[in-house]
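> Quick one: the structure is below, and I'll ask about it shortly.
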Amino acid sequence: MNFLRGVMGGQSAGPQHTEAETIQKLCDRVASSTLLDDRRNAVRALKSLSKKYRLEVGIQAMEHLIHVLQTDRSDSEIIGYALDTLYNIISNDEEEEVEENSTRQSEDLGSQFTEIFIKQQENVTLLLSLLEEFDFHVRWPGVKLLTSLLKQLGPQVQQIILVSPMGVSRLMDLLADSREVIRNDGVLLLQALTRSNGAIQKIVAFENAFERLLDIITEEGNSDGGIVVEDCLILLQNLLKNNNSNQNFFKEGSYIQRMKPWFEVGDENSGWSAQKVTNLHLMLQLVRVLVSPNNPPGATSSCQKAMFQCGLLQQLCTILMATGVPADILTETINTVSEVIRGCQVNQDYFASVNAPSNPPRPAIVVLLMSMVNERQPFVLRCAVLYCFQCFLYKNQKGQGEIVSTLLPSTIDATGNTVSAGQLLCGGLFSTDSLSNWCAAVALAHALQENATQKEQLLRVQLATSIGNPPVSLLQQCTNILSQGDKINRRGSKIQTRVGLLMLLCTWLSNCPIAVTHFLHNSANVPFLTGQIAENLGEEEQLVQGLCALLLGISIYFNDNSLETYMKEKLKQLIEKRIGKENFIEKLGFISKHELYSRASQKPQPNFPSPEYMIFDHEFTKLVKELEGVITKAIYKSSEEDKKEEEVKKTLEQHDSIVTHYKNMIREQDLQLEELKQQISTLKCQNEQLQTAVTQQVSQIQQHKDQYNLLKVQLGKDSQHQGPYSDGAQMNGVQPEEISRLREEIEELKSNRELLQSQLAEKDSLIENLKSSQPSPSTNEQSSATAGDSEQIAELKQELATLKSQLNTQSVEITKLQAEKQELLQKTEAFAKSAPVPGESETVIATKTTDVEGRLSALLQETKELKNEIKALSEERTAIKEQLDSSNSTIAILQNEKNKLEVDITDSKKEQDDLLVLLADQDQKIFSLKNKLKELGHPVEEEDELESGDQDDEDDEDEDDGKEQGHI
């Protein structure tokens, strides 16, 4: 308040005394009038004065206006006047015609009044509640007032709305208002609300904002819509930019598919209005937000795939190849396509297949490269094409090979009817435009990025420089142009061409000893580099000196000593004599200290304000960061240290080969063990099935035994009741002997059955022992032994099946015997009934005796039949005994095989112990060698030391495998 009074007193053109009194009287009327009409008229008068006398009305009336909002909510008219007055006090929109100093003063007034208003958080909450009113005269000024508050002190107001219950949800209802002016101002309000606040962005997104905004854009005509479409697109950018959660929600909600109609611009030249250009530009930027290289790789990849599947990429390529597209839209479309295909193999393959609508059709890549090397094209367009080419080759070895193949002699079109990408790059590399030289060199370097195969293939490229002269290699031609320096007049920067060629050569030679050998084979290259580094040149040439030092360092670090003239040690001696090690390292440091180096290292996109800033490539900055340290160490190393390091490397390679061999052995043994475990599980299942079958047979045999015992008891009782008749039979000399024989033979059958049952139980126990003692072999011999065991077990299984069938046959025969015995019992009972009774007549007795004799003869016949059957059973019993004997011999053979397997297992364990001892010795050697490396100053990572020290105590094969992989 003191500040406001000071501003009021300092105004040179302040209000007249009567106006100040009028404002005071109006404030008194608002505060003291009991009639609503009086208060309403006073507030209306304050509203009319608030624009011209903003400061005075704000100082005197703000408190009364807030009180009106609290107490007079039932009257929408007075609420609307109060909100409009507060808006005029806080907003800076009406100060456009005032002088600059007054404008700054008014902005300070707006922020000060906003601070006073939000000091009581209840005021913002009250304003949010007023937005629920549907009355136009309340809702619309409320939206404008809250928007102005957010513009003045956004973070503070955002925090109050965030903690207010249902605060964001109330504001989201504005998008559903049927009155367009409120809906459109609601979009502007949400723009200010969501700016730089991730928490509110998430809440707004989950309140179905994407659906509503996309519906509005569709209703307004997509890219042909007006300013409302622009506002919706800006709000969508606020919600999605740098907000991974909302980006994932946008993709999962299938909203990417709804973006495709935005880019259906058509081929007809219907004209491109300024608003349409703005809308389409924002739409392209929104696509780039979803596939930005700064996003997490997984999120970017999923969005790229979705854009290809829904046809969005195809639609963008159509715009790319269309005619009549404005230059800024074409440039932004190229940048958008670049990031949609960057690092996504499917999208890169599709882009390689796109052809321009020309006669004959040309690949889109060739058409774009023609624009890149054409110096008449706009600079921003050339930068966009370069970025597109870099994104096409990013992590795309297939595309890199296709580009390099267009330079090889076997693939060049001899007729000259078509121009290939490689020919365009070579043409740009050797043109008189320095920017074309730089772009072509960087593009060709990206075709070699992290691809040793293509670096070697590019060495085969031969160029015909002039008629009559022999062709020279591309590598030699690059060094020739580099050595010429400023002798050739070029348009553009003086050092841009040389910087581009040096970046290309550094990328080409890094991690490629063959290319280093080719480079050193030209005796003029090393003297040129040392001469450039040793000279004391101006600041502009320091960057070229640093890149020459980097190229010479690469030639030392990746030198395989195949050329005796330029071995590592000789090159280092040359540097020490002609340049000096300290001076060399200082010149090498010029690269990373350059002001444009850090700018290029921030973003992959080559975004430069003008061509002279186009010095460094993003991927090249990564290479410099990687090589600067190792080259410095390589320069200071002595020849003895190099030899020791090579010896250590050889020892490590030998150790790695030994470890790899043992790893392969262990993997094979693990596979064999896995197969044997599967076989054992199969045998277990089979054995369980056999055991259940044997158990069923045993239960059936027990039932037959019980039935037989019951019959035996019944026959005993019958023989006791038939005492007199047995005497009569004995007199005949037949019946007692036959019955006793039957009983003896039945007893023998019983004992034989019990013997068979015991033998079966012994056989089952032997099989179970074999199963439990099954070894886990680890060699080919053990696997073959186990195969033999499985065959023998299969034979046992067949024998068990045979025994089972024989037992079934016996059970059937026993059933027959039981039936026959039952008939004998019936006949015996009938005979007993017909026995003689004392006192009967002799005639009756004789008749009965004749009947008994007839029945006895029948019984004798049946007894003979039983004897034949018992004889057959005895023969079957003999066959079963023979089978059991053969199975016992088989079991003995299996036992011997088991003993052999146990011996083999013991031997294999001894071999594994020997292997572990050998590995421990190798690890100890590695540990000592690494200590020597540390003493010599070579960096050794701590994780490697820990792993090599811990491996002596590790017995688990899987952990040994993981740690040995760390050494590799």
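Going through the structure tokens in order, the chains are called A, B, and so on, while each chain numbers its residues from 1 and the ligands are numbered from 1 in the order shown.
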Compile the contact shell of range 328-331 of chain A as a list in words: residues with an atom at most 9 Å away, counting only C-alpha atoms, same-chain residues fewer than 6 positions apart removed.
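Neighbouring residues, sequence-local ones excluded: Val277, Thr278, Leu280, His281, Leu284, Ile319, Leu320, Val380, Leu381, Arg382, Cys383, Ala384 and Val385 of chain A.
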> Would you please extract all alpha helix (DSSP H) residues from range 345-471 of chain A, as assigned by DSSP on the backbone, and give them as a VMD selection string?
chain A and resid 345 to 353 364 to 372 379 to 393 397 to 405 421 to 429 434 to 446 452 to 458
> So which one's closest to Leu46 in chain A, A:Ile341, A:Ala199, A:Cys27, A:Val346? Using only C-alpha atoms, please.
A:Cys27
> Can you list, as a PyMOL selection string, every protein, DNA or RNA residue that comes within 12 Å of range 357-363 of chain A when you count only C-alpha atoms, leaving out same-chain residues fewer than 2 positions away?
chain A and resi 267+317-323+350-355+365-370+417-421
> Any chance you could export the current selection's C-alpha atoms as a compact mmCIF listing (two decimals), in the first residue's frame?

# COMPACT_ATOMS: atom_id res chain seq x y z
CA ASP A 267 -2.88 -31.07 -53.56
CA CYS A 317 5.93 -37.53 -46.34
CA THR A 318 3.13 -36.53 -48.72
CA ILE A 319 3.44 -32.91 -47.53
CA LEU A 320 7.20 -33.24 -47.84
CA MET A 321 6.98 -34.10 -51.53
CA ALA A 322 4.04 -31.80 -52.37
CA THR A 323 4.34 -28.61 -54.40
CA TYR A 350 9.66 -46.67 -45.06
CA PHE A 351 11.33 -43.30 -45.58
CA ALA A 352 13.97 -44.95 -47.79
CA SER A 353 11.14 -46.24 -50.02
CA VAL A 354 9.44 -42.85 -50.48
CA ASN A 355 9.75 -41.43 -54.00
CA ILE A 365 16.49 -38.81 -49.92
CA VAL A 366 18.10 -37.84 -53.23
CA VAL A 367 15.69 -34.93 -53.71
CA LEU A 368 16.43 -33.63 -50.22
CA LEU A 369 20.19 -33.97 -50.64
CA MET A 370 19.95 -31.96 -53.86
CA ASN A 417 20.82 -40.92 -66.15
CA THR A 418 20.30 -40.91 -62.41
CA VAL A 419 22.10 -39.15 -59.61
CA SER A 420 22.76 -41.15 -56.47
CA ALA A 421 23.03 -39.95 -52.89
> Could you pull the residues within 7 Å of Val143 in chain A, counting only C-alpha atoms, minus those fewer than 2 positions along the same chain, as a ChimeraX atom specification?
/A:139-141,145-147,185-186,189
> Deliver the residues from the most recent selection as a file, using N, CA, C and O atoms, as a PDB file, in the first residue's frame.

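So the final result, stored in part_35.pdb, reads:
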ATOM      1  N   ARG A 139     -19.923 -15.380 -15.203  1.00  0.00           N
ATOM      2  CA  ARG A 139     -18.917 -16.366 -15.583  1.00  0.00           C
ATOM      3  C   ARG A 139     -17.831 -15.766 -16.473  1.00  0.00           C
ATOM      4  O   ARG A 139     -16.642 -16.011 -16.283  1.00  0.00           O
ATOM      5  N   TRP A 140     -18.230 -14.988 -17.443  1.00  0.00           N
ATOM      6  CA  TRP A 140     -17.232 -14.463 -18.381  1.00  0.00           C
ATOM      7  C   TRP A 140     -16.250 -13.499 -17.713  1.00  0.00           C
ATOM      8  O   TRP A 140     -15.032 -13.661 -17.843  1.00  0.00           O
ATOM      9  N   PRO A 141     -16.705 -12.472 -16.963  1.00  0.00           N
ATOM     10  CA  PRO A 141     -15.711 -11.622 -16.279  1.00  0.00           C
ATOM     11  C   PRO A 141     -14.890 -12.379 -15.245  1.00  0.00           C
ATOM     12  O   PRO A 141     -13.722 -12.049 -15.008  1.00  0.00           O
ATOM     13  N   LEU A 145     -10.874 -12.356 -15.198  1.00  0.00           N
ATOM     14  CA  LEU A 145     -10.143 -11.926 -13.998  1.00  0.00           C
ATOM     15  C   LEU A 145      -9.150 -12.986 -13.551  1.00  0.00           C
ATOM     16  O   LEU A 145      -7.986 -12.684 -13.246  1.00  0.00           O
ATOM     17  N   LEU A 146      -9.548 -14.257 -13.541  1.00  0.00           N
ATOM     18  CA  LEU A 146      -8.642 -15.314 -13.110  1.00  0.00           C
ATOM     19  C   LEU A 146      -7.485 -15.472 -14.095  1.00  0.00           C
ATOM     20  O   LEU A 146      -6.340 -15.723 -13.691  1.00  0.00           O
ATOM     21  N   THR A 147      -7.778 -15.296 -15.381  1.00  0.00           N
ATOM     22  CA  THR A 147      -6.703 -15.359 -16.374  1.00  0.00           C
ATOM     23  C   THR A 147      -5.687 -14.258 -16.140  1.00  0.00           C
ATOM     24  O   THR A 147      -4.466 -14.478 -16.230  1.00  0.00           O
ATOM     25  N   ASP A 185     -12.236 -18.276 -24.068  1.00  0.00           N
ATOM     26  CA  ASP A 185     -11.477 -17.672 -22.977  1.00  0.00           C
ATOM     27  C   ASP A 185     -11.085 -18.714 -21.933  1.00  0.00           C
ATOM     28  O   ASP A 185     -10.072 -18.564 -21.248  1.00  0.00           O
ATOM     29  N   GLY A 186     -11.893 -19.786 -21.826  1.00  0.00           N
ATOM     30  CA  GLY A 186     -11.513 -20.879 -20.937  1.00  0.00           C
ATOM     31  C   GLY A 186     -10.246 -21.574 -21.408  1.00  0.00           C
ATOM     32  O   GLY A 186      -9.411 -22.006 -20.602  1.00  0.00           O
ATOM     33  N   LEU A 189      -7.490 -19.380 -20.339  1.00  0.00           N
ATOM     34  CA  LEU A 189      -7.281 -19.533 -18.897  1.00  0.00           C
ATOM     35  C   LEU A 189      -6.476 -20.789 -18.593  1.00  0.00           C
ATOM     36  O   LEU A 189      -5.533 -20.778 -17.785  1.00  0.00           O
TER      37      LEU A 189
END
> Might you pull out every residue within 10 Å of Lys593 in chain A, with only C-alpha atoms counted and same-chain residues fewer than 5 positions away left off, and present them as a PDB file with N, CA, C and O atoms, in the first residue's frame?

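Saved to result30.pdb:
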ATOM      1  N   LEU A 543      41.111 -23.558 -33.822  1.00  0.00           N
ATOM      2  CA  LEU A 543      40.198 -24.707 -33.921  1.00  0.00           C
ATOM      3  C   LEU A 543      40.719 -25.719 -34.934  1.00  0.00           C
ATOM      4  O   LEU A 543      40.678 -26.938 -34.685  1.00  0.00           O
ATOM      5  N   LEU A 588      45.136 -29.686 -28.506  1.00  0.00           N
ATOM      6  CA  LEU A 588      44.013 -30.630 -28.510  1.00  0.00           C
ATOM      7  C   LEU A 588      42.849 -30.105 -27.679  1.00  0.00           C
ATOM      8  O   LEU A 588      41.674 -30.330 -28.006  1.00  0.00           O
ATOM      9  N   SER A 598      30.113 -26.396 -26.961  1.00  0.00           N
ATOM     10  CA  SER A 598      29.071 -26.708 -25.974  1.00  0.00           C
ATOM     11  C   SER A 598      27.681 -26.523 -26.564  1.00  0.00           C
ATOM     12  O   SER A 598      26.744 -27.258 -26.222  1.00  0.00           O
TER      13      SER A 598
END
> Can you tell me how far CA of Lys47 in chain A sits from CA of Phe134 in chain A, in Å to one decimal?
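Taking CA of Lys47 in chain A and CA of Phe134 in chain A, their separation equals 22.0 Å.
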> One decimal, in Å: what's the spacing between CA of Asn437 in chain A and CA of Val340 in chain A?
26.9 Å
> Applying 12 Å and only C-alpha atoms, which residues near Pro165 in chain A remain after dropping the ones on its own chain fewer than 5 positions away? List them as a list in words.
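Answer for this query is Val124, Thr125, Leu126, Leu128, Ser129, Gln159, Ile160, Arg170 and Leu171 of chain A.
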> One decimal, Å: what's the distance from CA of Asn559 in chain A over to CA of His518 in chain A, could you say?
10.7 Å
> Restricting the calculation to only C-alpha atoms: of A:Leu505, A:Phe558, A:Leu755, A:Arg578, which residue gets closest to Gly531 in chain A?
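Between A:Leu505, A:Phe558, A:Leu755, A:Arg578, the residue approaching Gly531 in chain A most closely is A:Arg578.
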> Of the candidates A:Gln112, A:Gln275, A:Ser765, A:Thr815, which one gets nearest to Ile891 in chain A if we count only C-alpha atoms?
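With only C-alpha atoms as the atom set, the closest residue is A:Ser765.
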> Hey, what's within 12 Å of range 463-479 of chain A if we count only C-alpha atoms and toss same-chain stuff fewer than 3 positions away? As a VMD selection string, please?
chain A and resid 404 407 to 409 412 422 to 423 425 to 427 429 to 430 437 440 to 441 444 455 to 460 482 to 485 497 to 506 508 to 509 515 to 526 528 to 529 548 551
> Which is closer to Lys750 in chain A than all the others in A:Gln70, A:Asn208, A:Gln826, A:Asn709, using only C-alpha atoms?
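With only C-alpha atoms as the atom set, the closest residue is A:Asn709.
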> Select from range 348-500 of chain A everything DSSP, run on the backbone, classes as strand (DSSP E), then give the selection as JSON, numbers by chain.
{"A": [355, 356, 362, 363, 462, 463, 472, 473]}
> Keeping only N, CA and C atoms, write the selected residues as a PDB file, in the first residue's frame.

ATOM      1  N   ASN A 355       9.276 -42.029 -52.753  1.00  0.00           N
ATOM      2  CA  ASN A 355       9.746 -41.429 -53.999  1.00  0.00           C
ATOM      3  C   ASN A 355       9.030 -40.104 -54.242  1.00  0.00           C
ATOM      4  N   ALA A 356       9.750 -39.187 -54.848  1.00  0.00           N
ATOM      5  CA  ALA A 356       9.160 -37.901 -55.218  1.00  0.00           C
ATOM      6  C   ALA A 356       8.312 -38.075 -56.474  1.00  0.00           C
ATOM      7  N   ARG A 362      12.211 -40.167 -58.308  1.00  0.00           N
ATOM      8  CA  ARG A 362      13.478 -40.149 -57.588  1.00  0.00           C
ATOM      9  C   ARG A 362      13.213 -40.386 -56.110  1.00  0.00           C
ATOM     10  N   PRO A 363      14.149 -41.052 -55.431  1.00  0.00           N
ATOM     11  CA  PRO A 363      13.971 -41.233 -53.986  1.00  0.00           C
ATOM     12  C   PRO A 363      13.927 -39.888 -53.259  1.00  0.00           C
ATOM     13  N   GLN A 462      37.063 -44.633 -55.495  1.00  0.00           N
ATOM     14  CA  GLN A 462      38.060 -43.971 -56.344  1.00  0.00           C
ATOM     15  C   GLN A 462      37.385 -42.809 -57.086  1.00  0.00           C
ATOM     16  N   LEU A 463      38.101 -41.684 -57.178  1.00  0.00           N
ATOM     17  CA  LEU A 463      37.566 -40.492 -57.826  1.00  0.00           C
ATOM     18  C   LEU A 463      38.456 -40.107 -59.004  1.00  0.00           C
ATOM     19  N   VAL A 472      42.153 -41.150 -57.843  1.00  0.00           N
ATOM     20  CA  VAL A 472      42.681 -41.150 -56.474  1.00  0.00           C
ATOM     21  C   VAL A 472      41.556 -41.583 -55.544  1.00  0.00           C
ATOM     22  N   SER A 473      41.951 -42.069 -54.396  1.00  0.00           N
ATOM     23  CA  SER A 473      40.950 -42.512 -53.422  1.00  0.00           C
ATOM     24  C   SER A 473      40.259 -41.305 -52.789  1.00  0.00           C
TER      25      SER A 473
END
